[in-house]
Each structure stands twice: as C-alpha cells, then as structure tokens.
$ cat final.csv   # CSV, C-alpha atoms
chain,number,residue,atom,x,y,z
A,1,MET,CA,0.0,0.0,0.0
A,2,GLU,CA,2.8,2.3,0.9
A,3,GLU,CA,4.4,1.7,-2.6
A,4,GLU,CA,1.2,2.6,-4.3
A,5,ARG,CA,0.8,5.8,-2.3
A,6,GLU,CA,4.4,6.9,-3.3
A,7,VAL,CA,3.6,6.4,-7.0
A,8,GLU,CA,0.4,8.5,-6.7
A,9,LEU,CA,2.3,11.3,-5.0
A,10,GLN,CA,5.0,11.2,-7.7
A,11,MET,CA,2.4,11.5,-10.4
A,12,GLU,CA,0.7,14.4,-8.7
A,13,GLU,CA,4.1,16.3,-8.5
A,14,GLU,CA,4.7,15.8,-12.2
A,15,GLU,CA,1.3,17.2,-13.1
A,16,GLU,CA,1.9,20.3,-10.9
A,17,GLN,CA,5.2,21.1,-12.7
A,18,PRO,CA,4.7,23.8,-15.4
A,19,GLU,CA,5.1,22.7,-19.1
A,20,VAL,CA,8.4,23.8,-20.6
A,21,MET,CA,8.2,25.1,-24.2
A,22,LYS,CA,10.9,23.6,-26.4
A,23,GLN,CA,12.8,26.1,-28.6
A,24,PRO,CA,12.9,25.0,-32.3
A,25,GLU,CA,16.4,24.1,-33.5
A,26,PRO,CA,17.9,26.6,-35.8
A,27,PRO,CA,18.1,25.5,-39.5
A,28,LEU,CA,21.4,24.3,-40.9
A,29,PRO,CA,23.1,27.0,-43.0
A,30,PRO,CA,22.9,26.2,-46.8
A,31,LEU,CA,26.1,24.8,-48.3
A,32,SER,CA,25.9,27.3,-51.1
A,33,GLU,CA,23.7,30.2,-52.3
A,34,PRO,CA,20.7,28.7,-54.1
A,35,ASN,CA,20.0,29.7,-57.8
A,36,THR,CA,16.5,31.2,-57.3
A,37,GLN,CA,16.0,32.1,-61.0
A,38,GLY,CA,16.9,28.7,-62.3
A,39,ILE,CA,19.4,30.2,-64.8
A,40,ILE,CA,22.8,28.6,-65.2
A,41,LYS,CA,25.0,30.8,-67.3
A,42,GLY,CA,28.2,29.8,-69.1
A,43,SER,CA,30.4,31.0,-66.4
A,44,ASP,CA,28.7,28.6,-63.9
A,45,LEU,CA,29.2,25.5,-66.1
A,46,PHE,CA,31.9,23.0,-65.2
A,47,GLY,CA,32.9,22.9,-68.9
A,48,TYR,CA,31.6,22.8,-72.5
A,49,VAL,CA,28.2,21.1,-72.8
A,50,GLY,CA,27.4,21.6,-76.5
A,51,ILE,CA,23.9,23.1,-76.3
A,52,GLU,CA,24.8,25.6,-79.0
A,53,ALA,CA,25.2,22.7,-81.5
A,54,VAL,CA,21.4,22.4,-81.7
A,55,LEU,CA,21.5,25.4,-84.0
A,56,ASP,CA,23.6,23.4,-86.5
A,57,GLN,CA,21.3,20.5,-86.1
A,58,MET,CA,18.3,22.6,-86.9
A,59,ARG,CA,20.1,24.1,-89.9
A,60,ARG,CA,21.0,20.7,-91.3
A,61,LYS,CA,17.4,19.4,-90.9
A,62,THR,CA,16.0,22.5,-92.6
A,63,MET,CA,18.5,22.3,-95.5
A,64,LYS,CA,17.7,18.6,-95.9
A,65,ALA,CA,13.9,18.9,-95.7
A,66,GLY,CA,13.4,22.4,-97.1
A,67,PHE,CA,10.4,24.6,-96.2
A,68,GLU,CA,7.3,26.1,-97.8
A,69,PHE,CA,6.4,29.7,-98.3
A,70,ASN,CA,3.0,30.6,-99.8
A,71,ILE,CA,2.4,34.2,-100.9
A,72,MET,CA,-0.8,35.6,-102.3
A,73,VAL,CA,-0.8,38.7,-104.6
A,74,VAL,CA,-4.0,40.8,-104.7
A,75,GLY,CA,-4.8,43.8,-106.8
A,76,GLN,CA,-6.5,44.9,-109.9
A,77,SER,CA,-5.0,44.2,-113.4
A,78,GLY,CA,-2.1,46.2,-114.7
A,79,LEU,CA,-0.4,47.0,-111.3
A,80,GLY,CA,2.7,44.9,-112.0
A,81,LYS,CA,2.0,42.1,-109.5
A,82,SER,CA,3.7,39.5,-111.7
A,83,THR,CA,6.7,41.7,-112.3
A,84,LEU,CA,7.2,42.5,-108.6
A,85,VAL,CA,7.0,38.9,-107.6
A,86,ASN,CA,9.6,38.0,-110.2
A,87,THR,CA,11.8,40.8,-108.9
A,88,LEU,CA,11.4,39.6,-105.3
A,89,PHE,CA,12.6,36.1,-106.0
A,90,LYS,CA,15.0,37.1,-108.9
A,91,SER,CA,13.4,34.5,-111.2
A,92,LYS,CA,10.3,34.0,-113.3
A,93,VAL,CA,8.0,32.6,-110.7
A,94,SER,CA,4.7,34.3,-111.4
A,95,ARG,CA,1.9,32.4,-113.2
A,96,LYS,CA,2.0,34.9,-116.0
A,97,SER,CA,5.7,34.5,-116.6
A,98,CYS,CA,5.9,30.7,-116.6
A,99,THR,CA,2.7,30.1,-118.6
A,100,PRO,CA,3.4,29.5,-122.4
A,101,ASN,CA,1.4,31.8,-124.7
A,102,TYR,CA,-0.2,33.5,-121.8
A,103,GLU,CA,-3.1,35.8,-122.6
A,104,GLU,CA,-4.5,38.1,-120.0
A,105,ASN,CA,-8.2,38.3,-120.1
A,106,ILE,CA,-10.2,40.3,-117.6
A,107,SER,CA,-12.3,37.8,-115.6
A,108,LYS,CA,-15.9,38.6,-114.7
A,109,THR,CA,-15.3,37.0,-111.3
A,110,VAL,CA,-12.3,36.4,-109.0
A,111,HIS,CA,-10.7,33.1,-109.8
A,112,LEU,CA,-7.7,32.1,-107.7
A,113,GLN,CA,-4.9,30.3,-109.4
A,114,SER,CA,-1.5,29.2,-108.1
A,115,VAL,CA,1.8,28.0,-109.3
A,116,SER,CA,4.7,26.4,-107.3
A,117,HIS,CA,8.4,26.3,-107.7
A,118,ILE,CA,11.4,24.8,-105.9
A,119,ILE,CA,14.0,27.6,-105.3
A,120,GLU,CA,17.4,26.5,-104.1
A,121,GLU,CA,20.0,29.0,-102.9
A,122,LYS,CA,23.3,27.9,-101.1
A,123,GLY,CA,21.9,24.5,-100.3
A,124,VAL,CA,18.6,25.8,-98.8
A,125,LYS,CA,15.4,24.6,-100.7
A,126,MET,CA,12.2,26.5,-100.5
A,127,ARG,CA,8.9,25.5,-102.1
A,128,LEU,CA,7.4,28.8,-103.2
A,129,THR,CA,3.8,29.0,-104.1
A,130,VAL,CA,2.4,32.2,-105.7
A,131,ILE,CA,-1.4,32.5,-105.5
A,132,ASP,CA,-2.8,35.0,-108.0
A,133,THR,CA,-6.2,36.6,-108.0
A,134,PRO,CA,-7.2,37.5,-111.5
A,135,GLY,CA,-10.5,39.5,-111.7
A,136,PHE,CA,-10.0,41.2,-108.3
A,137,GLY,CA,-11.0,44.8,-108.5
A,138,ASP,CA,-11.7,44.8,-112.2
A,139,GLN,CA,-15.5,44.9,-112.1
A,140,ILE,CA,-17.8,47.9,-111.9
A,141,ASN,CA,-19.2,46.6,-108.6
A,142,ASN,CA,-16.3,45.2,-106.5
A,143,GLU,CA,-18.2,45.2,-103.2
A,144,ASN,CA,-17.7,41.5,-102.5
A,145,CYS,CA,-14.4,40.9,-104.3
A,146,TRP,CA,-12.7,39.8,-101.1
A,147,GLU,CA,-15.1,36.9,-100.5
A,148,PRO,CA,-13.4,34.3,-102.8
A,149,ILE,CA,-10.0,35.2,-101.3
A,150,VAL,CA,-11.2,34.7,-97.7
A,151,LYS,CA,-12.9,31.5,-98.7
A,152,TYR,CA,-9.6,30.2,-100.3
A,153,ILE,CA,-7.6,31.1,-97.2
A,154,ASN,CA,-10.0,29.3,-94.9
A,155,GLU,CA,-10.1,26.3,-97.2
A,156,GLN,CA,-6.3,25.9,-96.7
A,157,TYR,CA,-6.8,26.1,-92.9
A,158,GLU,CA,-9.5,23.5,-93.1
A,159,LYS,CA,-7.3,21.2,-95.2
A,160,TYR,CA,-4.4,21.5,-92.6
A,161,LEU,CA,-6.8,20.9,-89.7
A,162,LYS,CA,-8.2,17.7,-91.2
A,163,GLU,CA,-4.7,16.4,-91.7
A,164,GLU,CA,-3.8,17.2,-88.1
A,165,LEU,CA,-6.9,15.3,-86.8
A,166,HIS,CA,-6.1,12.0,-88.7
A,167,VAL,CA,-5.3,9.2,-86.4
A,168,ASN,CA,-2.4,8.1,-88.6
A,169,ARG,CA,-1.4,11.6,-89.8
A,170,LYS,CA,1.6,12.3,-92.0
A,171,ARG,CA,4.9,13.0,-90.3
A,172,ARG,CA,5.1,16.3,-92.1
A,173,ILE,CA,1.8,17.9,-93.1
A,174,PRO,CA,2.0,19.7,-96.4
A,175,ASP,CA,1.5,23.4,-95.7
A,176,THR,CA,-0.7,25.2,-98.3
A,177,ARG,CA,-1.8,27.9,-95.8
A,178,VAL,CA,-1.3,31.5,-97.1
A,179,HIS,CA,1.6,33.0,-95.1
A,180,CYS,CA,1.3,36.5,-96.5
A,181,CYS,CA,-1.1,38.5,-98.7
A,182,VAL,CA,0.6,41.3,-100.6
A,183,TYR,CA,-2.1,43.9,-101.4
A,184,PHE,CA,-1.3,46.2,-104.4
A,185,LEU,CA,-2.8,49.6,-104.7
A,186,PRO,CA,-2.4,52.0,-107.6
A,187,ALA,CA,0.0,54.9,-107.0
A,188,THR,CA,-3.0,57.3,-106.7
A,189,GLY,CA,-4.0,55.5,-103.5
A,190,HIS,CA,-7.5,54.9,-104.6
A,191,CYS,CA,-9.4,51.6,-104.9
A,192,LEU,CA,-8.8,50.5,-101.3
A,193,ARG,CA,-11.0,47.5,-100.9
A,194,VAL,CA,-12.2,46.3,-97.5
A,195,CYS,CA,-10.8,43.1,-96.0
A,196,SER,CA,-11.4,43.4,-92.3
A,197,GLN,CA,-11.2,39.6,-91.8
A,198,LYS,CA,-8.3,38.8,-89.4
A,199,CYS,CA,-7.3,35.6,-91.1
A,200,VAL,CA,-4.0,36.4,-92.9
A,201,ASN,CA,-0.9,38.5,-92.7
A,202,ILE,CA,-1.4,41.5,-95.0
A,203,SER,CA,1.3,43.8,-96.6
A,204,VAL,CA,0.2,46.9,-98.5
A,205,ASN,CA,2.1,48.4,-101.4
A,206,LEU,CA,1.8,51.4,-103.8
A,207,SER,CA,2.6,49.7,-107.1
A,208,GLU,CA,4.3,51.3,-110.1
A,209,TRP,CA,5.5,54.1,-107.9
A,210,LYS,CA,7.0,57.2,-109.6
A,211,PRO,CA,8.9,59.6,-107.5
A,212,HIS,CA,6.9,62.9,-108.0
A,213,SER,CA,7.8,64.5,-104.8
A,214,LEU,CA,8.5,63.7,-101.1
A,215,SER,CA,5.5,65.7,-99.9
A,216,LEU,CA,3.1,63.8,-102.3
A,217,SER,CA,4.5,60.5,-101.0
A,218,LEU,CA,4.0,61.4,-97.3
A,219,SER,CA,0.5,62.7,-98.1
A,220,LEU,CA,-0.4,59.4,-99.9
A,221,SER,CA,1.0,57.3,-97.2
A,222,LEU,CA,-1.0,59.1,-94.5
A,223,GLN,CA,-4.1,58.9,-96.6
A,224,ILE,CA,-3.8,55.2,-97.1
A,225,ARG,CA,-2.9,54.5,-93.4
A,226,GLN,CA,-6.0,56.4,-92.4
A,227,GLY,CA,-8.1,54.4,-94.9
A,228,LEU,CA,-6.7,51.1,-93.6
A,229,GLN,CA,-7.5,52.1,-90.0
A,230,ALA,CA,-11.0,53.3,-90.9
A,231,ASN,CA,-11.8,50.0,-92.7
A,232,GLY,CA,-10.3,47.9,-89.9
A,233,ILE,CA,-7.6,46.4,-92.1
A,234,ARG,CA,-4.8,45.2,-89.8
A,235,VAL,CA,-1.4,45.2,-91.6
A,236,TYR,CA,1.5,43.0,-90.6
A,237,PRO,CA,3.5,43.4,-88.4
A,238,GLN,CA,0.8,44.1,-85.7
A,239,LYS,CA,2.0,45.7,-82.5
A,240,GLU,CA,0.4,43.2,-80.2
A,241,TYR,CA,2.6,40.4,-81.6
A,242,ASP,CA,5.9,42.2,-80.8
A,243,GLU,CA,7.7,39.8,-78.4
A,244,ASP,CA,10.2,42.3,-76.8
A,245,ALA,CA,11.5,45.8,-76.9
A,246,GLU,CA,14.2,45.0,-79.5
A,247,GLU,CA,11.6,43.5,-81.9
A,248,ARG,CA,9.3,46.5,-81.3
A,249,ILE,CA,12.0,48.9,-82.4
A,250,VAL,CA,12.6,46.9,-85.6
A,251,ASN,CA,8.8,46.6,-86.4
A,252,ASP,CA,8.1,50.2,-85.6
A,253,ARG,CA,10.5,51.2,-88.4
A,254,ILE,CA,8.6,48.9,-90.7
A,255,ARG,CA,5.2,50.2,-89.7
A,256,GLU,CA,6.4,53.8,-90.3
A,257,ASN,CA,7.1,52.9,-94.0
A,258,ILE,CA,3.7,51.3,-94.7
A,259,PRO,CA,2.5,51.4,-97.4
A,260,PHE,CA,5.7,50.5,-99.3
A,261,ALA,CA,6.1,52.5,-102.5
A,262,VAL,CA,7.6,49.9,-104.8
A,263,VAL,CA,8.8,49.4,-108.4
A,264,GLY,CA,9.6,46.0,-109.9
A,265,THR,CA,11.6,45.1,-113.1
A,266,ASP,CA,13.8,42.4,-114.5
A,267,LYS,CA,15.8,44.8,-116.7
A,268,GLU,CA,19.3,46.0,-115.9
A,269,HIS,CA,20.7,49.5,-116.7
A,270,GLN,CA,24.2,51.0,-116.5
A,271,VAL,CA,24.4,53.5,-113.7
A,272,ASN,CA,27.8,55.0,-112.9
A,273,GLY,CA,29.5,52.1,-114.5
A,274,ASN,CA,27.5,49.5,-112.6
A,275,LYS,CA,24.6,47.2,-113.7
A,276,VAL,CA,21.5,47.7,-111.6
A,277,LEU,CA,17.9,46.6,-111.7
A,278,GLY,CA,16.0,49.7,-112.8
A,279,ARG,CA,13.1,51.2,-114.7
A,280,LYS,CA,13.6,54.0,-117.1
A,281,THR,CA,11.2,56.9,-116.8
A,282,LYS,CA,11.1,60.6,-117.8
A,283,TRP,CA,12.5,61.4,-114.4
A,284,GLY,CA,15.5,59.1,-115.0
A,285,ILE,CA,16.2,55.5,-114.0
A,286,ILE,CA,14.5,54.3,-110.9
A,287,GLU,CA,16.9,51.9,-109.2
A,288,VAL,CA,14.8,49.1,-107.7
A,289,GLU,CA,17.1,48.3,-104.8
A,290,ASN,CA,18.1,51.9,-104.0
A,291,VAL,CA,16.0,53.0,-100.9
A,292,ALA,CA,16.5,56.6,-102.0
A,293,HIS,CA,14.4,55.8,-105.1
A,294,CYS,CA,11.7,53.4,-103.9
A,295,GLU,CA,11.0,51.1,-101.0
A,296,PHE,CA,11.3,47.7,-102.7
A,297,ALA,CA,14.3,46.8,-100.5
A,298,HIS,CA,12.1,47.3,-97.4
A,299,LEU,CA,9.4,45.0,-98.8
A,300,ARG,CA,11.9,42.4,-99.8
A,301,ASP,CA,13.6,42.4,-96.4
A,302,LEU,CA,10.2,42.1,-94.7
A,303,LEU,CA,9.0,39.2,-96.8
A,304,ILE,CA,12.2,37.3,-97.1
A,305,ARG,CA,15.3,38.4,-95.3
A,306,SER,CA,14.1,39.4,-91.9
A,307,HIS,CA,10.5,38.3,-91.3
A,308,LEU,CA,9.8,35.2,-93.5
A,309,GLN,CA,9.9,32.8,-90.5
A,310,ASP,CA,7.9,35.1,-88.4
A,311,LEU,CA,5.2,35.3,-91.1
A,312,LYS,CA,5.0,31.5,-91.0
A,313,ASP,CA,4.9,31.5,-87.2
A,314,VAL,CA,2.2,34.2,-87.0
A,315,THR,CA,0.2,32.2,-89.6
A,316,HIS,CA,0.4,29.0,-87.6
A,317,ASN,CA,0.2,30.3,-84.0
A,318,ILE,CA,-2.3,33.2,-84.5
A,319,HIS,CA,-4.4,33.0,-87.6
A,320,TYR,CA,-4.6,29.2,-88.0
A,321,GLU,CA,-5.0,28.7,-84.3
A,322,THR,CA,-7.9,31.1,-84.2
A,323,TYR,CA,-9.5,29.2,-87.1
A,324,ARG,CA,-8.8,25.8,-85.4
A,325,VAL,CA,-10.3,26.8,-82.1
A,326,ARG,CA,-13.4,28.2,-83.8
A,327,ARG,CA,-13.9,25.0,-85.9
A,328,LEU,CA,-13.4,22.7,-82.9
A,329,ASN,CA,-15.9,24.7,-80.8
A,330,GLU,CA,-18.4,24.5,-83.7
A,331,SER,CA,-18.0,20.7,-84.0
A,332,ASN,CA,-18.4,20.3,-80.2
A,333,ALA,CA,-21.4,22.5,-80.1
A,334,ASN,CA,-23.0,20.4,-82.9
A,335,GLY,CA,-22.1,17.2,-81.1
A,336,LEU,CA,-19.9,16.0,-83.8
A,337,GLY,CA,-16.6,15.7,-81.9
A,338,LEU,CA,-13.1,15.6,-83.3
A,339,SER,CA,-13.4,12.3,-85.2
A,340,ALA,CA,-16.4,13.5,-87.1
A,341,LEU,CA,-14.7,16.7,-88.0
A,342,SER,CA,-11.7,14.8,-89.3
A,343,LEU,CA,-13.9,12.7,-91.5
A,344,GLU,CA,-16.3,15.4,-92.6
A,345,ASN,CA,-15.8,15.9,-96.3
A,346,GLY,CA,-12.5,14.2,-95.9
A,347,THR,CA,-12.7,12.6,-99.4
A,348,GLY,CA,-14.4,15.6,-101.0
A,349,GLU,CA,-13.3,17.0,-104.3
A,350,LYS,CA,-10.8,19.7,-104.5
A,351,SER,CA,-12.0,23.3,-104.7
A,352,GLU,CA,-11.7,25.0,-108.0
A,353,ALA,CA,-9.6,27.6,-106.2
A,354,GLU,CA,-7.0,25.1,-105.1
A,355,SER,CA,-3.7,24.8,-106.9
A,356,GLN,CA,-3.4,21.8,-109.2
A,357,LEU,CA,0.1,20.8,-108.2

$ encode --input "final.csv" --output "structure tokens"
Amino acid sequence: MEEEREVELQMEEEEEQPEVMKQPEPPLPPLSEPNTQGIIKGSDLFGYVGIEAVLDQMRRKTMKAGFEFNIMVVGQSGLGKSTLVNTLFKSKVSRKSCTPNYEENISKTVHLQSVSHIIEEKGVKMRLTVIDTPGFGDQINNENCWEPIVKYINEQYEKYLKEELHVNRKRRIPDTRVHCCVYFLPATGHCLRVCSQKCVNISVNLSEWKPHSLSLSLSLSLQIRQGLQANGIRVYPQKEYDEDAEERIVNDRIRENIPFAVVGTDKEHQVNGNKVLGRKTKWGIIEVENVAHCEFAHLRDLLIRSHLQDLKDVTHNIHYETYRVRRLNESNANGLGLSALSLENGTGEKSEAESQL
C-alpha cells in the first residue's frame, strides 16, 4: 500500500510542474547560395556542354527537308504584280511569266490560281507557291471581291486541320496555308477594298511608284494608313505580336514605311558604270534596290530576309490557331466531336480555287 501511495504522490508532483516550451532548433546553413532564378550561365558551367550545337542540327534538318512559303498577290489588273513577284525572287516565278502563250483576259469573277516552284540557294530549298487573284477589283461593282479570297484562305486552314486530326497523320503535313497576302494599290492611293477579316498577314504596297515629290509620298502614305484604319484592315506586323523591346523597335521602323512605294523590273541598266535593276522613266532611272528611289528593298527584307519565318509563325500560332479553335468549338457545339470533323468531307473533291500541283 505504501508503494502505491508513493507512486500516486510522484504523479501528482509531475502534473503540478509547469510545461516547458521547447525552442525550435535553428536550420542548418545552406552549403551554397541557391539559384533562385533557375538560370545557369556559361560562367557557372563546369565545362563545355554543347547546347549551341542544336542550331547546327536545326540548320542541317532545314536544309535537308526544305520549307514552304506561300504568298498571295492581290490587286487589280495592270499594277505589276507578276513583275514585282519575279523581282522579289530574282526569277520568273509568277503564273504569268511561266505560262506559255499567256493571254491576259479580264475575268468577270475572282478566280484564284497558283503555281509552285522549288527555289534553291546555297543548299537551302524553298517550295514557293504564288497565288494570283485574276479578276480582283476589275469589275464595276467590287463590293464582295474579297469573299473568294477569304474562302480560299479558310479552305487551306481546313485542309491542314483535317490532316492534323487524322489518327495516322503524316509525319510532315503539307502546308498550303497562305503566309502573306501582298495587297497592291495604284500609286493614286484609290481603290482601297475592304478586308477586315483577321485571317491572314497583309502587306500593303503602292505599285508602279513614280517619285513625283516627297510631300506627295507622305500625303499618300498618310491617306492610305487612315483608310486602312477606318476599314479595320490590320497590316503586318501588328504591335500586339511584338515579343520584346528589340523586336518592337525593328517593327516600328517597318510600320512607319507602310505602305511601301515599290517598283519591280527584271531589266538592268548601266548607272555610274554598274549594272543595276531599274526602270527608265522621264525622271530618269528608278533603281529598284536603291532605298532613295523606292521602298522595294524594305518590302523584300520584310517578306524574305528578316521576317519570313515570323510570317509563317504568326500564320500558324495566331491565324490558323484562331480558325482551329473556332472549328473545334463549332463541332463540339453540334455534337460531332473531333473524329467526325476529321472525316467530314475528308474525301471531297478539291476546290476549283485550289492549286493543281
């Protein structure tokens, strides 16, 4: 009994003692300063890794496979569309130039026609497709002349979408989507048609430009830019697609020159002992690639030398993606689903507007 009483007294004493709060142990100091941004720069590497070699790998694959570039030329007859396209690619690539015994007849409606070529330069192959729009702007009433063009552009998006949705799709889907629409206006600045559809990259040019005066050029450019804005025509490159400050500076210079006052020719002339591409006028020889004479060089750089890949990227990531989302939403709303969309008209006949390649 005495032992039990001692145990009870001991337990009571323990209960009466105040609870002692334990202090948390301090954390161990880090062995090294953590990289909070997750960026390991070259100076932090132990040695050469070889990441930069991926650029050579991409170059080799591109040179081996080649790439596509599809350009549409839009404008009324007689503005030199074929000549300018030939000047851009330094070869006879327009439908008019490579069609034997070609006769130009003014069409009563807009019929889209295309021609394709493989252009190779320094080992790089490009499949160039030029889509022409005979009949555009040549009628008395041209109110709906853009409709066949928008229809053709959307048909190419639909074709690409159906190829994407195939269960056993091709490793590389043929790309017939229009990457750029070059819109030709007469040097008077009139005949601005409306294409407010945001479905393609648009570049606007004053064709067959003759250097009357600088003030006239500035006045025309301002007039056309105001007309574009009033009609909701968004011209490439759009500000909202600029990825950083450096790209914005480059694109701002381009936007300041829109519309481009251009001249095209395949004839050479002697100027100060040098052969240059130029057109002879009563004002003298307009040197095509001289930026003091016309803005052909700016247009060429935009379409080929500086922004060609971006034109393709914007087409795929912006315009085609917008179309793809809309079509998939439509198919889901109608209860068709993806498989039905991929099979819908999958074996249908080709549109008359499609290129017969």

$ residues_around --input "final.csv" --residues "Gly42 (chain A)" --least-positions-apart "5" --cutoff "12 Å" --atoms "all atoms listed in the file" --output "ChimeraX atom specification"
/A:47-52

$ closest_residue --input "final.csv" --among "A:Gly80, A:Pro174, A:Gly137, A:Pro100" --to "Ala187 (chain A)" --atoms "all atoms listed in the file"
A:Gly80

$ closest_residue --input "final.csv" --among "A:Leu303, A:Ile131, A:Val204, A:Leu218" --to "Val93 (chain A)" --atoms "all atoms listed in the file"
A:Ile131

$ closest_atom_pairs --input "final.csv" --of "region 55-166 of chain A" --to "region 295-301 of chain A" --cutoff "9 Å" --atoms "all atoms listed in the file" --output "CSV"
residue,atom,partner,partner_atom,distance
A:Leu84,CA,A:Phe296,CA,8.9
A:Leu88,CA,A:Arg300,CA,6.2
A:Phe89,CA,A:Arg300,CA,8.9

$ write_last_selection --input "final.csv" --atoms "C-alpha atoms" --output "PDB file, in the frame of the given file"
ATOM      1  CA  LEU A  84       7.200  42.500-108.600  1.00  0.00           C
ATOM      2  CA  LEU A  88      11.400  39.600-105.300  1.00  0.00           C
ATOM      3  CA  PHE A  89      12.600  36.100-106.000  1.00  0.00           C
TER       4      PHE A  89
END

$ closest_residue --input "final.csv" --among "A:Gly75, A:Gly123, A:Gly227, A:Gly284" --to "Asn205 (chain A)" --atoms "only C-alpha atoms"
A:Gly75

$ atom_distance --input "final.csv" --atom1 "CA of Thr99 (chain A)" --atom2 "CA of Asn144 (chain A)"
28.4 Å

$ closest_residue --input "final.csv" --among "A:Asp132, A:Glu243, A:Asp266, A:Asp175" --to "Asn86 (chain A)" --atoms "only C-alpha atoms"
A:Asp266

$ closest_residue --input "final.csv" --among "A:Asn251, A:Ser77, A:Asn142, A:Ser116" --to "Lys92 (chain A)" --atoms "only C-alpha atoms"
A:Ser116

$ residues_near_point --input "final.csv" --point "(0.9, 30.9, -97.1)" --cutoff "9 Å" --atoms "all atoms listed in the file" --output "MDAnalysis selection string"
chainID A and resid 68:72 129:131 153 156 175:181 200:201 311:312 315

$ closest_residue --input "final.csv" --among "A:Thr265, A:Asn317, A:Val271, A:Arg253" --to "Thr87 (chain A)" --atoms "all atoms listed in the file"
A:Thr265

$ residues_near_point --input "final.csv" --point "(18.2, 22.0, -93.8)" --cutoff "12 Å" --atoms "only C-alpha atoms" --output "PyMOL selection string"
chain A and resi 55-67+120-126

$ write_last_selection --input "final.csv" --atoms "C-alpha atoms" --output "CSV table (one decimal), in the coordinates of the input"
chain,number,residue,atom,x,y,z
A,55,LEU,CA,21.5,25.4,-84.0
A,56,ASP,CA,23.6,23.4,-86.5
A,57,GLN,CA,21.3,20.5,-86.1
A,58,MET,CA,18.3,22.6,-86.9
A,59,ARG,CA,20.1,24.1,-89.9
A,60,ARG,CA,21.0,20.7,-91.3
A,61,LYS,CA,17.4,19.4,-90.9
A,62,THR,CA,16.0,22.5,-92.6
A,63,MET,CA,18.5,22.3,-95.5
A,64,LYS,CA,17.7,18.6,-95.9
A,65,ALA,CA,13.9,18.9,-95.7
A,66,GLY,CA,13.4,22.4,-97.1
A,67,PHE,CA,10.4,24.6,-96.2
A,120,GLU,CA,17.4,26.5,-104.1
A,121,GLU,CA,20.0,29.0,-102.9
A,122,LYS,CA,23.3,27.9,-101.1
A,123,GLY,CA,21.9,24.5,-100.3
A,124,VAL,CA,18.6,25.8,-98.8
A,125,LYS,CA,15.4,24.6,-100.7
A,126,MET,CA,12.2,26.5,-100.5

$ atom_distance --input "final.csv" --atom1 "CA of Lys275 (chain A)" --atom2 "CA of Glu287 (chain A)"
10.1 Å

$ atom_distance --input "final.csv" --atom1 "CA of His269 (chain A)" --atom2 "CA of Leu79 (chain A)"
21.9 Å

$ build_atoms --input "final.csv" --residues "region 182-188 of chain A" --atoms "all heavy atoms" --output "JSON list (two decimals), in the frame of the given file"
[["chain", "number", "residue", "atom", "x", "y", "z"],
["A", 182, "VAL", "N", 0.01, 40.00, -100.20],
["A", 182, "VAL", "CA", 0.60, 41.30, -100.60],
["A", 182, "VAL", "C", -0.49, 42.02, -101.42],
["A", 182, "VAL", "O", -0.89, 41.59, -102.51],
["A", 182, "VAL", "CB", 1.85, 41.09, -101.46],
["A", 182, "VAL", "CG1", 2.45, 42.44, -101.81],
["A", 182, "VAL", "CG2", 2.87, 40.24, -100.70],
["A", 183, "TYR", "N", -0.95, 43.13, -100.88],
["A", 183, "TYR", "CA", -2.10, 43.90, -101.40],
["A", 183, "TYR", "C", -1.53, 45.08, -102.21],
["A", 183, "TYR", "O", -0.86, 45.94, -101.64],
["A", 183, "TYR", "CB", -2.97, 44.32, -100.27],
["A", 183, "TYR", "CG", -4.27, 44.98, -100.64],
["A", 183, "TYR", "CD1", -4.80, 44.88, -101.92],
["A", 183, "TYR", "CD2", -4.99, 45.70, -99.69],
["A", 183, "TYR", "CE1", -5.99, 45.49, -102.24],
["A", 183, "TYR", "CE2", -6.19, 46.32, -100.00],
["A", 183, "TYR", "CZ", -6.68, 46.20, -101.28],
["A", 183, "TYR", "OH", -7.87, 46.81, -101.59],
["A", 184, "PHE", "N", -1.82, 45.11, -103.52],
["A", 184, "PHE", "CA", -1.30, 46.20, -104.40],
["A", 184, "PHE", "C", -2.36, 47.25, -104.61],
["A", 184, "PHE", "O", -3.52, 46.96, -104.93],
["A", 184, "PHE", "CB", -0.96, 45.57, -105.78],
["A", 184, "PHE", "CG", 0.25, 44.68, -105.76],
["A", 184, "PHE", "CD1", 0.18, 43.39, -105.24],
["A", 184, "PHE", "CD2", 1.46, 45.11, -106.27],
["A", 184, "PHE", "CE1", 1.29, 42.57, -105.22],
["A", 184, "PHE", "CE2", 2.58, 44.29, -106.26],
["A", 184, "PHE", "CZ", 2.49, 43.02, -105.73],
["A", 185, "LEU", "N", -1.92, 48.49, -104.44],
["A", 185, "LEU", "CA", -2.80, 49.60, -104.70],
["A", 185, "LEU", "C", -2.13, 50.48, -105.82],
["A", 185, "LEU", "O", -0.90, 50.54, -105.92],
["A", 185, "LEU", "CB", -2.90, 50.53, -103.46],
["A", 185, "LEU", "CG", -3.70, 49.97, -102.28],
["A", 185, "LEU", "CD1", -3.56, 50.91, -101.09],
["A", 185, "LEU", "CD2", -5.15, 49.79, -102.65],
["A", 186, "PRO", "N", -2.95, 51.13, -106.66],
["A", 186, "PRO", "CA", -2.40, 52.00, -107.60],
["A", 186, "PRO", "C", -1.71, 53.22, -106.94],
["A", 186, "PRO", "O", -2.04, 53.55, -105.79],
["A", 186, "PRO", "CB", -3.57, 52.49, -108.48],
["A", 186, "PRO", "CG", -4.75, 52.25, -107.60],
["A", 186, "PRO", "CD", -4.41, 51.08, -106.74],
["A", 187, "ALA", "N", -0.76, 53.86, -107.61],
["A", 187, "ALA", "CA", 0.00, 54.90, -107.00],
["A", 187, "ALA", "C", -0.84, 56.15, -106.63],
["A", 187, "ALA", "O", -0.38, 57.05, -105.94],
["A", 187, "ALA", "CB", 1.15, 55.37, -107.93],
["A", 188, "THR", "N", -2.10, 56.16, -107.09],
["A", 188, "THR", "CA", -3.00, 57.30, -106.70],
["A", 188, "THR", "C", -3.54, 57.06, -105.30],
["A", 188, "THR", "O", -4.03, 58.00, -104.68],
["A", 188, "THR", "CB", -4.19, 57.32, -107.67],
["A", 188, "THR", "OG1", -4.88, 56.06, -107.66],
["A", 188, "THR", "CG2", -3.72, 57.62, -109.08]]
